[in-house]
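Shown below: start.txt, with compact mmCIF, C-alpha atoms and all ligand atoms.
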```txt
# COMPACT_ATOMS: atom_id res chain seq x y z
CA MET A 1 13.84 -17.04 30.39
CA GLY A 2 11.12 -18.24 32.75
CA GLU A 3 7.76 -19.45 31.60
CA LEU A 4 5.06 -16.78 31.49
CA LEU A 5 2.06 -18.45 29.93
CA SER A 6 1.04 -21.93 28.99
CA VAL A 7 -1.91 -22.56 26.68
CA ARG A 8 -3.26 -26.10 26.92
CA GLU A 9 -5.85 -27.73 24.70
CA VAL A 10 -7.61 -24.45 24.15
CA GLY A 11 -10.67 -24.68 21.94
CA LYS A 12 -13.33 -22.16 20.99
CA THR A 13 -16.65 -22.69 19.29
CA TYR A 14 -18.77 -19.71 18.27
CA THR A 15 -22.48 -19.85 17.65
CA GLY A 16 -23.18 -17.91 14.47
CA ALA A 17 -26.12 -15.58 13.81
CA LYS A 18 -28.22 -18.47 12.39
CA GLY A 19 -27.38 -20.75 15.31
CA GLN A 20 -24.66 -22.63 13.39
CA GLN A 21 -21.57 -23.75 15.31
CA VAL A 22 -18.18 -22.49 14.13
CA THR A 23 -15.18 -24.18 15.70
CA ALA A 24 -12.53 -21.47 15.51
CA LEU A 25 -9.86 -23.20 17.61
CA ALA A 26 -9.26 -26.81 18.61
CA ASP A 27 -6.67 -28.22 21.00
CA VAL A 28 -4.25 -25.33 20.85
CA ASP A 29 -1.05 -25.81 22.87
CA LEU A 30 1.53 -23.05 23.18
CA ASP A 31 4.12 -22.03 25.76
CA VAL A 32 5.34 -18.47 26.00
CA ALA A 33 8.45 -17.54 27.95
CA GLU A 34 9.06 -14.24 29.64
CA GLY A 35 10.71 -11.69 27.35
CA GLU A 36 10.29 -13.60 24.11
CA VAL A 37 8.56 -12.55 20.93
CA VAL A 38 6.28 -15.24 19.51
CA ALA A 39 4.70 -14.71 16.09
CA LEU A 40 1.46 -16.47 15.19
CA ILE A 41 0.92 -17.07 11.51
CA GLY A 42 -1.71 -19.06 9.69
CA PRO A 43 -4.27 -18.88 6.91
CA SER A 44 -7.05 -16.31 7.09
CA GLY A 45 -9.80 -17.38 9.49
CA CYS A 46 -7.70 -19.98 11.33
CA GLY A 47 -8.38 -18.34 14.68
CA LYS A 48 -5.30 -16.19 15.32
CA SER A 49 -7.32 -13.21 16.58
CA THR A 50 -9.54 -15.56 18.54
CA LEU A 51 -6.52 -16.99 20.34
CA LEU A 52 -5.25 -13.50 21.19
CA ARG A 53 -8.67 -12.57 22.54
CA MET A 54 -8.69 -15.67 24.76
CA ILE A 55 -5.22 -14.79 26.06
CA ALA A 56 -6.27 -11.17 26.62
CA GLY A 57 -9.23 -12.34 28.69
CA LEU A 58 -11.61 -10.55 26.30
CA ASP A 59 -13.69 -13.70 25.97
CA GLY A 60 -13.77 -16.04 28.94
CA ALA A 61 -15.93 -18.77 27.37
CA PHE A 62 -13.55 -21.37 25.94
CA ASP A 63 -12.36 -24.93 26.49
CA GLY A 64 -8.97 -25.87 27.86
CA GLU A 65 -6.67 -23.94 30.10
CA LEU A 66 -4.53 -20.84 30.16
CA THR A 67 -2.00 -20.94 32.96
CA TRP A 68 -0.04 -17.84 33.89
CA THR A 69 2.91 -17.98 36.26
CA LYS A 70 1.40 -14.83 37.78
CA PRO A 71 -2.24 -14.22 36.89
CA PRO A 72 -2.63 -10.95 34.96
CA ARG A 73 -4.46 -8.15 36.73
CA PRO A 74 -7.39 -6.85 34.64
CA GLY A 75 -6.60 -3.64 32.77
CA LYS A 76 -2.99 -3.63 33.91
CA ASP A 77 -0.92 -6.56 32.78
CA ILE A 78 -2.03 -7.04 29.20
CA GLY A 79 -1.38 -4.46 26.49
CA PHE A 80 -3.25 -4.81 23.19
CA VAL A 81 -2.39 -3.26 19.84
CA PHE A 82 -4.87 -3.71 16.98
CA GLN A 83 -4.52 -3.25 13.23
CA GLU A 84 -6.30 0.10 13.55
CA PRO A 85 -4.73 2.38 16.14
CA ALA A 86 -8.17 3.52 17.44
CA LEU A 87 -6.90 6.72 19.02
CA LEU A 88 -9.43 9.13 20.48
CA PRO A 89 -9.54 12.03 17.99
CA TRP A 90 -10.31 14.69 20.58
CA ARG A 91 -7.30 13.86 22.74
CA SER A 92 -3.71 14.86 22.10
CA VAL A 93 -1.13 12.13 21.47
CA GLU A 94 0.09 12.48 25.05
CA ARG A 95 -3.42 12.20 26.44
CA ASN A 96 -4.13 9.16 24.27
CA VAL A 97 -1.00 7.47 25.56
CA SER A 98 -1.91 8.25 29.18
CA LEU A 99 -5.44 6.87 28.76
CA GLY A 100 -4.77 3.54 30.48
CA LEU A 101 -3.07 5.28 33.38
CA GLU A 102 -6.06 7.55 33.84
CA ALA A 103 -8.31 4.49 33.93
CA LEU A 104 -6.07 3.16 36.71
CA ARG A 105 -6.25 6.60 38.38
CA ASP A 106 -2.49 6.79 38.28
CA ASN A 107 -1.55 10.46 38.07
CA SER A 108 1.79 10.11 39.82
CA SER A 109 4.78 12.06 38.55
CA GLU A 110 6.40 8.67 37.71
CA ALA A 111 3.43 7.83 35.49
CA ARG A 112 3.64 11.18 33.71
CA GLN A 113 7.37 10.75 33.25
CA ARG A 114 6.74 7.26 31.90
CA VAL A 115 4.40 8.66 29.23
CA ARG A 116 7.08 11.20 28.22
CA ASP A 117 9.72 8.44 28.10
CA LEU A 118 7.48 6.26 25.94
CA LEU A 119 6.76 9.11 23.54
CA GLU A 120 10.52 9.56 23.26
CA LEU A 121 10.99 5.82 22.73
CA VAL A 122 8.47 5.65 19.89
CA GLY A 123 9.83 8.86 18.33
CA LEU A 124 6.79 11.04 19.07
CA ALA A 125 8.19 13.37 21.73
CA ASP A 126 7.82 16.36 19.40
CA PHE A 127 4.24 15.43 18.59
CA ALA A 128 2.95 14.98 22.15
CA GLN A 129 0.50 17.88 21.83
CA CYS A 130 -0.68 17.01 18.32
CA PHE A 131 -4.02 15.39 17.60
CA PRO A 132 -4.32 12.01 15.82
CA LYS A 133 -5.54 13.64 12.56
CA GLU A 134 -2.22 15.52 12.39
CA LEU A 135 -0.22 12.26 12.37
CA SER A 136 0.67 9.83 9.59
CA GLY A 137 -0.58 6.23 9.76
CA GLY A 138 2.78 5.00 11.04
CA MET A 139 2.89 7.68 13.73
CA ARG A 140 -0.61 6.79 14.87
CA GLN A 141 0.38 3.18 15.21
CA ARG A 142 3.46 4.20 17.21
CA ALA A 143 1.17 6.17 19.50
CA ALA A 144 -1.02 3.07 19.89
CA ILE A 145 2.05 1.02 20.85
CA ALA A 146 3.08 3.66 23.41
CA ARG A 147 -0.47 3.65 24.80
CA ALA A 148 -0.38 -0.14 25.20
CA LEU A 149 2.96 0.10 27.01
CA ALA A 150 2.01 3.02 29.27
CA TYR A 151 0.82 0.92 32.19
CA ASP A 152 3.84 -1.35 31.86
CA PRO A 153 1.95 -4.55 30.96
CA ARG A 154 3.55 -7.93 31.44
CA ILE A 155 2.69 -8.97 27.89
CA LEU A 156 1.96 -7.11 24.69
CA LEU A 157 -0.55 -8.72 22.32
CA MET A 158 -0.39 -7.35 18.79
CA ASP A 159 -3.01 -8.27 16.20
CA GLU A 160 -1.65 -7.49 12.73
CA PRO A 161 -0.38 -4.15 14.02
CA PHE A 162 1.35 -3.21 10.75
CA GLY A 163 -1.18 -4.74 8.36
CA ALA A 164 -2.72 -1.43 7.30
CA LEU A 165 0.58 0.35 6.60
CA ASP A 166 2.46 0.77 3.33
CA ALA A 167 5.61 -1.34 2.86
CA ILE A 168 8.14 1.42 3.64
CA THR A 169 6.35 2.54 6.80
CA ARG A 170 5.93 -1.08 7.83
CA ASP A 171 9.68 -1.73 7.55
CA ARG A 172 10.35 1.36 9.63
CA LEU A 173 7.89 0.26 12.29
CA HIS A 174 9.52 -3.17 12.38
CA ASP A 175 12.80 -1.51 13.33
CA ASP A 176 10.97 0.65 15.88
CA LEU A 177 9.48 -2.47 17.43
CA LEU A 178 12.90 -4.14 17.63
CA ARG A 179 14.22 -1.04 19.40
CA ILE A 180 11.21 -0.95 21.74
CA TRP A 181 11.70 -4.60 22.55
CA GLU A 182 15.40 -4.01 23.22
CA ALA A 183 14.51 -1.21 25.66
CA THR A 184 11.61 -2.93 27.42
CA ARG A 185 12.19 -6.68 26.94
CA LYS A 186 8.43 -7.17 26.88
CA THR A 187 6.92 -10.52 26.11
CA ILE A 188 5.12 -10.09 22.80
CA ILE A 189 2.66 -12.26 20.89
CA LEU A 190 2.35 -10.93 17.38
CA VAL A 191 -0.29 -12.04 14.91
CA THR A 192 0.77 -11.47 11.32
CA HIS A 193 0.06 -12.59 7.78
CA SER A 194 3.61 -11.92 6.72
CA VAL A 195 6.24 -14.65 6.97
CA GLU A 196 8.95 -11.97 6.53
CA GLU A 197 7.52 -9.92 9.41
CA ALA A 198 7.40 -13.03 11.62
CA THR A 199 10.99 -13.93 10.69
CA TYR A 200 12.33 -10.42 11.26
CA LEU A 201 10.64 -9.79 14.60
CA ALA A 202 10.15 -13.09 16.39
CA ASP A 203 12.22 -15.48 18.48
CA ARG A 204 9.79 -18.27 17.62
CA VAL A 205 7.06 -18.64 15.05
CA ALA A 206 3.96 -20.71 15.70
CA VAL A 207 2.30 -21.88 12.49
CA MET A 208 -1.43 -22.55 12.67
CA SER A 209 -3.43 -24.82 10.42
CA ALA A 210 -6.69 -23.86 8.71
CA ARG A 211 -9.93 -23.80 10.69
CA PRO A 212 -10.36 -25.23 13.22
CA GLY A 213 -7.05 -23.62 14.11
CA ARG A 214 -4.38 -25.74 15.71
CA ILE A 215 -0.71 -25.02 16.22
CA LYS A 216 0.90 -27.35 13.70
CA ALA A 217 4.53 -26.39 14.32
CA VAL A 218 6.61 -23.99 16.38
CA HIS A 219 9.99 -22.95 14.95
CA HIS A 220 12.94 -21.09 16.47
CA VAL A 221 14.05 -18.30 14.18
CA PRO A 222 17.68 -19.10 13.30
CA LEU A 223 18.89 -15.49 13.53
CA ASP A 224 20.72 -13.49 16.22
CA ARG A 225 18.48 -11.27 18.31
CA ASP A 226 20.46 -8.27 17.19
CA ARG A 227 18.69 -7.52 13.90
CA ASP A 228 18.78 -4.64 11.48
CA PRO A 229 17.76 -4.11 7.85
CA SER A 230 20.81 -6.07 6.64
CA THR A 231 19.36 -9.14 8.41
CA ARG A 232 16.69 -9.31 5.69
CA ARG A 233 19.41 -9.98 3.13
CA LEU A 234 20.93 -12.96 4.97
CA PRO A 235 20.48 -16.31 3.22
CA GLN A 236 19.12 -17.89 6.41
CA PHE A 237 16.44 -15.16 6.50
CA ALA A 238 15.16 -16.07 3.03
CA GLU A 239 15.49 -19.76 3.77
CA PHE A 240 13.48 -19.60 6.99
CA ALA A 241 10.79 -17.34 5.52
CA GLY A 242 10.58 -19.70 2.53
CA MET A 243 10.16 -22.70 4.81
CA LEU A 244 7.32 -20.90 6.67
CA ARG A 245 5.65 -20.01 3.37
CA GLN A 246 5.80 -23.63 2.29
CA GLU A 247 4.30 -24.74 5.58
CA LEU A 248 1.36 -22.42 5.01
CA GLU A 249 0.59 -23.89 1.57
N1 LIG B 1 -17.83 -13.38 17.29
C1 LIG B 1 -17.84 -14.37 16.39
N2 LIG B 1 -18.96 -15.05 16.10
C2 LIG B 1 -18.98 -16.07 15.21
N3 LIG B 1 -17.88 -16.51 14.55
C3 LIG B 1 -16.73 -15.88 14.80
C4 LIG B 1 -16.64 -14.77 15.72
N4 LIG B 1 -15.35 -14.35 15.76
C5 LIG B 1 -14.66 -15.14 14.90
N5 LIG B 1 -15.49 -16.06 14.33
C6 LIG B 1 -15.09 -17.11 13.37
O1 LIG B 1 -13.99 -17.82 13.91
C7 LIG B 1 -13.03 -18.11 12.91
C8 LIG B 1 -11.68 -17.55 13.31
O2 LIG B 1 -11.71 -16.13 13.27
P1 LIG B 1 -10.45 -15.23 13.62
O3 LIG B 1 -10.83 -13.81 13.38
O4 LIG B 1 -9.92 -15.59 14.95
O5 LIG B 1 -9.39 -15.71 12.51
P2 LIG B 1 -8.02 -15.06 12.05
O6 LIG B 1 -7.07 -16.18 11.86
O7 LIG B 1 -7.60 -13.99 12.99
O8 LIG B 1 -8.44 -14.45 10.65
P3 LIG B 1 -7.74 -13.32 9.76
O9 LIG B 1 -6.35 -13.79 9.52
O10 LIG B 1 -8.56 -13.30 8.50
O11 LIG B 1 -7.79 -12.04 10.53
C9 LIG B 1 -13.57 -17.52 11.61
O12 LIG B 1 -14.20 -18.55 10.89
C10 LIG B 1 -14.58 -16.49 12.07
O13 LIG B 1 -15.63 -16.37 11.14
```

What is this structure when it is put down as structure tokens?
Ligand SMILES: Nc1ncnc2c1ncn2[C@@H]1O[C@H](COP(=O)(O)OP(=O)(O)OP(=O)(O)O)[C@@H](O)[C@H]1O
Amino acid sequence: MGELLSVREVGKTYTGAKGQQVTALADVDLDVAEGEVVALIGPSGCGKSTLLRMIAGLDGAFDGELTWTKPPRPGKDIGFVFQEPALLPWRSVERNVSLGLEALRDNSSEARQRVRDLLELVGLADFAQCFPKELSGGMRQRAAIARALAYDPRILLMDEPFGALDAITRDRLHDDLLRIWEATRKTIILVTHSVEEATYLADRVAVMSARPGRIKAVHHVPLDRDRDPSTRRLPQFAEFAGMLRQELE
């Protein structure tokens, strides 16, 4: 796997409403290889979302350096999935998924086929003409993932994408994401509060310390890439998740 992104000494200080300075990130170093899934975990407020925003280019004012092997093209190379799917209620599922392509004025037959393939991949082919209000929470989030993949981004940034779902739906979406990764081999950075989610989905887990956020350790997940629900019952799964939990204490 080649290198895709290197984060060096990245720091971010916000100025609050009363003029106070809040250092959200300090000296963050992280390397991300092409095709890997990196989970970011850390205590609430340690700057996980801030780091994703820096990487996404949503906020250009920060210290340090982000170096891409190939600089991302705005609106094309970075897919973002948030905790809330934020679908447009007046558009069908298909037209929500094709939103990014419309912004790029890509109406080619390949692009339309790609949207159909993605709907198939996320299990929404039969719901293409439905509206968001007709979908369950899990289905909406699957549509949001398809939308983020529609323009074939180089990296997918996911900010607690399953945080608002119930446990059963969340487990199902985890397996969907594994399948999606298998089919697309996208590089993914996933912010999560769940050590089990990080263990199940990631190749490596970066653990952040409390504010100002720093990466205090990066661990390889000691599990084969080929994972399924039985993986959760392996002793090394519980052991690794337990070690992460301890590191967060
Ligand atoms: N726009 C902003 N203005 C001022 N302070 C901010 C802003 N955005 C974030 N912060 C502060 O930066 C710190 C890091 O926030 P961030 O949302 O990145 O943390 P997080 O680790 O993602 O939190 P959580 O796990 O609770 O979602 C927090 O103290 C937050 O209050």

Considering all atoms listed in the file, return as a PDB file with C-alpha atoms, keeping the file's coordinate frame whatever protein or nucleic-acid residues lie within 8 Å of Ser92 in chain A, sequence-local ones (same chain, fewer than 3 positions apart) excluded.
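Saved as selection.pdb:
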```
ATOM      1  CA  PRO A  89      -9.540  12.030  17.990  1.00  0.00           C
ATOM      2  CA  ARG A  95      -3.420  12.200  26.440  1.00  0.00           C
ATOM      3  CA  ASN A  96      -4.130   9.160  24.270  1.00  0.00           C
ATOM      4  CA  ALA A 128       2.950  14.980  22.150  1.00  0.00           C
ATOM      5  CA  GLN A 129       0.500  17.880  21.830  1.00  0.00           C
ATOM      6  CA  CYS A 130      -0.680  17.010  18.320  1.00  0.00           C
ATOM      7  CA  PHE A 131      -4.020  15.390  17.600  1.00  0.00           C
ATOM      8  CA  PRO A 132      -4.320  12.010  15.820  1.00  0.00           C
TER       9      PRO A 132
END
```

Close residues to ligand LIG 1 (chain B) using only C-alpha atoms and all ligand atoms, limit 9 Å, as a ChimeraX atom specification: /A:12-17,20-25,41-53,159-160,191-193,208,210-213

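Nearest residue to Phe240 in chain A among A:Leu119, A:Leu223, A:Met158, A:Ile145 is A:Leu223, counting only C-alpha atoms.
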
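Minimum atom-to-atom distance to Phe80 in chain A, evaluated using only C-alpha atoms, belongs to A:Ala148 out of A:Ala26, A:Ala167, A:Ala148, A:Val38.
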
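Proximity of A:Glu197, A:Asp176, A:Glu134, A:Asp27 to Arg214 in chain A, computed with all atoms listed in the file, is greatest for A:Asp27.
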
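Of the residues under consideration (A:Met54, A:Leu157, A:Ala111, A:Val122), A:Val122 shows the shortest atom-to-atom contact distance to Leu177 in chain A when counting all atoms listed in the file.
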
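Take CA of Arg73 in chain A and CA of Gly100 in chain A: the distance between them is 13.3 Å.
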
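Closest approach to Glu84 in chain A from the set A:Ser98, A:Gln141, A:Ser194, A:Ser109 is made by A:Gln141, with distances taken over only C-alpha atoms.
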
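Our summary of the geometry notes that CA of Ala125 in chain A is positioned 16.4 Å from CA of Ala183 in chain A.
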
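Candidate residues A:Ala206, A:Val37, A:Leu149, A:Leu87 were compared for distance to Gly75 in chain A, and the nearest is A:Leu149, using only C-alpha atoms.
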
Let me know the centre plus edge lengths, in Å and rounded to one decimal, of a box with edges along x, y and z that contains all listed atoms of range 162-171 of chain A and is padded by 3 Å on every side, as AutoDock Vina command-line options.
```
--center_x 3.5 --center_y -1.1 --center_z 6.8 --size_x 18.4 --size_y 13.3 --size_z 13.9
```

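For Gly2 in chain A, the list of residues within 9 Å, based on only C-alpha atoms and with local chain neighbours fewer than 5 positions off taken out, reads Val32, Ala33, Glu34, Gly35 and Thr69 of chain A.
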